[in-house]
Structures are given as structure tokens and as C-alpha cells.
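**Q** So here's input_4.txt, just compact mmCIF, C-alpha atoms:
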# COMPACT_ATOMS: atom_id res chain seq x y z
CA MET A 1 19.14 45.08 -7.28
CA ILE A 2 16.26 44.71 -4.81
CA GLU A 3 14.63 42.11 -7.05
CA ILE A 4 17.78 39.99 -7.03
CA LEU A 5 18.02 40.18 -3.23
CA THR A 6 14.32 39.30 -2.88
CA LEU A 7 14.67 36.32 -5.22
CA PHE A 8 17.81 35.15 -3.41
CA SER A 9 16.02 35.48 -0.05
CA PHE A 10 13.04 33.42 -1.24
CA VAL A 11 15.30 30.70 -2.65
CA LEU A 12 17.29 30.63 0.59
CA ILE A 13 14.13 30.41 2.73
CA LEU A 14 12.72 27.64 0.53
CA GLY A 15 15.97 25.68 0.83
CA LEU A 16 15.99 26.07 4.60
CA VAL A 17 12.37 24.92 4.85
CA LEU A 18 13.09 21.81 2.74
CA VAL A 19 16.18 20.95 4.80
CA ALA A 20 14.22 21.43 8.06
CA LYS A 21 11.42 19.22 6.78
CA ASP A 22 13.86 16.42 5.89
CA TRP A 23 15.56 16.78 9.27
CA ALA A 24 12.21 16.47 11.05
CA VAL A 25 11.33 13.29 9.15
CA MET A 26 14.71 11.75 9.93
CA TYR A 27 14.34 12.70 13.60
CA ARG A 28 10.91 11.01 13.79
CA LEU A 29 12.25 7.89 12.09
CA ARG A 30 15.21 7.71 14.49
CA ARG A 31 12.90 8.14 17.50
CA ARG A 32 10.59 5.38 16.23
CA ARG A 33 13.52 3.02 15.61
CA GLN A 34 14.87 3.55 19.11
CA TYR A 35 11.45 3.10 20.69
CA MET A 36 10.61 -0.05 18.73
CA ASN A 37 14.00 -1.67 19.40
CA ARG A 38 13.60 -1.01 23.11
CA LEU A 39 10.00 -2.31 23.09
CA MET A 40 10.90 -5.51 21.23
CA ASP A 41 13.73 -6.21 23.69
CA GLN A 42 11.34 -5.71 26.62
CA LEU A 43 8.60 -7.93 25.15
CA THR A 44 10.74 -11.00 24.50
CA GLY A 45 10.07 -13.55 27.25
CA GLN A 46 7.00 -11.71 28.53
CA PRO A 47 3.33 -12.79 28.44
CA LEU A 48 1.42 -11.95 25.27
CA ARG A 49 -0.94 -9.58 27.08
CA ARG A 50 1.96 -7.11 27.46
CA ALA A 51 2.17 -6.89 23.67
CA ASN A 52 -1.57 -6.33 23.48
CA LEU A 53 -1.28 -3.51 26.01
CA ALA A 54 1.60 -1.90 24.13
CA LEU A 55 0.31 -2.36 20.57
CA GLY A 56 -3.44 -2.91 20.79
CA ASP A 57 -5.31 -5.73 19.06
CA PRO A 58 -3.37 -7.60 16.35
CA THR A 59 -4.52 -7.29 12.75
CA GLU A 60 -3.66 -10.91 11.97
CA ILE A 61 -3.23 -14.13 13.99
CA VAL A 62 -1.76 -17.26 12.39
CA ASN A 63 -1.82 -20.62 14.20
CA GLY A 64 1.28 -22.70 13.82
CA SER A 65 2.45 -26.14 14.79
CA SER A 66 2.48 -27.35 18.40
CA GLY A 67 0.30 -24.50 19.64
CA ARG A 68 2.59 -21.68 18.55
CA GLN A 69 0.98 -18.55 17.17
CA MET A 70 2.18 -15.61 15.12
CA TYR A 71 0.63 -12.21 15.78
CA VAL A 72 0.97 -9.38 13.26
CA TRP A 73 0.24 -5.71 13.80
CA LYS A 74 0.19 -3.49 10.71
CA GLY A 75 0.39 0.18 11.50
CA PRO A 76 -0.53 0.07 15.20
CA GLU A 77 -1.75 3.51 16.17
CA ARG A 78 -0.75 3.98 19.77
CA GLU A 79 0.15 7.30 21.34
CA ALA A 80 3.39 5.90 22.74
CA ILE A 81 4.73 4.92 19.31
CA PRO A 82 6.39 7.91 17.63
CA GLU A 83 4.71 8.86 14.37
CA ALA A 84 6.64 8.46 11.11
CA PRO A 85 5.73 8.49 7.41
CA GLU A 86 6.28 4.73 6.99
CA LEU A 87 4.11 1.70 7.58
CA LEU A 88 5.09 -0.11 10.79
CA ILE A 89 4.74 -3.91 10.88
CA VAL A 90 5.26 -5.79 14.15
CA THR A 91 5.51 -9.59 14.22
CA ILE A 92 5.43 -11.57 17.46
CA ILE A 93 5.68 -15.33 17.86
CA ALA A 94 4.27 -16.82 21.06
CA ASP A 95 4.50 -20.39 22.30
CA ALA A 96 1.55 -22.48 23.50
CA ASP A 97 1.78 -20.94 27.00
CA GLY A 98 1.33 -17.42 25.61
CA THR A 99 4.93 -16.39 26.23
CA ILE A 100 6.58 -14.28 23.56
CA THR A 101 9.52 -16.15 22.06
CA LYS A 102 10.38 -13.74 19.26
CA ALA A 103 9.45 -10.11 18.64
CA ALA A 104 10.46 -8.17 15.54
CA TRP A 105 9.44 -5.08 13.65
CA GLU A 106 10.03 -3.54 10.26
CA SER A 107 8.95 -0.48 8.38
CA ARG A 108 8.06 -0.04 4.74
Take the structure in the file and give it back as C-alpha cells.

**A**
Amino acid sequence: MIEILTLFSFVLILGLVLVAKDWAVMYRLRRRRQYMNRLMDQLTGQPLRRANLALGDPTEIVNGSSGRQMYVWKGPEREAIPEAPELLIVTIIADADGTITKAAWESR
């Protein structure tokens, strides 16, 4: 009888640990989504240097027509950005004046 109770206890503890681990991952993803949505809303219409302060140096810069530029950050590692088990990609388009016209993010 004690063996059955011990086995049941271990299975129950393992199940609780797995559920808690999944809950923690979902919590981190939700926090990151909220933070990134808020940050992208704040950056639109602002000077490009604000994006550099928030995200660090871009990993890729693409020059477009009429002086527009696209900046891409892949996996920016900043303390303010909540950590999650997905790759974070931020894309910002700035006009010739250096003003952010579009800011978007995605995770993979």
C-alpha cells in the first residue's frame, strides 16, 4: 500500500511541476507581449535615438528609397525586455529625418 501511495505522490508532484513550468513560460510570454506592444506604441513618431536607447544597436540596417531606412533588431538583450523562450525580432522604419514612422515586433 505504501508503494502505491509513494508512486501516486511522485506522479502528482511531477504533474504539478510540469503545469507550473508551463504556467511560468506563458506568464513570461504574456509579460513580453504587453511590454513590446507598449514600447512600439511609444516609439512611433519619436526620434530614432529613443529606439537605440530602448533596444541597443540594431543588427541590420537597410536603406530604402527617398532616405527611408529599416532597422532590425534580432533578439535584443536588454534588461527591461522580459525574457522568454522565443526569438524576438523588432523592425522599425524611419524617414529621412530620423523619425520613426512604423514600429513592429514579432516572435518566433

**Q** Write out as JSON, numbers by chain each polymer residue whose atoms come within 8 Å of range 88-101 of chain A, counting all atoms listed in the file; drop sequence neighbours fewer than 6 positions from it.

**A** {"A": [43, 44, 45, 46, 47, 48, 66, 67, 68, 69, 70, 71, 72, 73, 74, 75, 76, 107, 108]}

**Q** Which one is closest to Lys102 in chain A: A:Ile13, A:Met40, A:Leu29, A:Leu55? Count only C-alpha atoms.

**A**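 Smallest distance to Lys102 in chain A is found for A:Met40.
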
**Q** Find the distance between CA of Glu79 in chain A and CA of Gly56 in chain A and write it in Å to one decimal.

**A**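 Result for CA of Glu79 in chain A versus CA of Gly56 in chain A: 10.8 Å, one decimal.
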
**Q** Any idea what the distance is between CA of Arg32 in chain A and CA of Glu77 in chain A?

**A**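 So the answer is 12.5 Å.
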
**Q** Take every atom of range 2-21 of chain A listed in the file, pad by 5 Å on each side, and give me the axis-aligned box centre and edge lengths in Å, one decimal, as JSON.

**A**
{"center_x": 14.7, "center_y": 32.0, "center_z": 0.5, "size_x": 16.6, "size_y": 35.5, "size_z": 25.1}

**Q** Using all atoms listed in the file, find the one residue out of A:Glu60, A:Asp41, A:Asp22, A:Glu3 that sits nearest to Trp105 in chain A.

**A**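 Going through A:Glu60, A:Asp41, A:Asp22, A:Glu3 one by one, the smallest distance to Trp105 in chain A is for A:Asp41.
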
**Q** In Å, rounded to a single decimal, give me how far CA of Glu106 in chain A is from CA of Ala51 in chain A.

**A**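 CA of Glu106 in chain A lies 15.9 Å from CA of Ala51 in chain A.
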
**Q** With distances taken over only C-alpha atoms, which residue among A:Leu53, A:Ala84, A:Ile2, A:Ala104 lies nearest Ala24 in chain A?

**A** A:Ala84
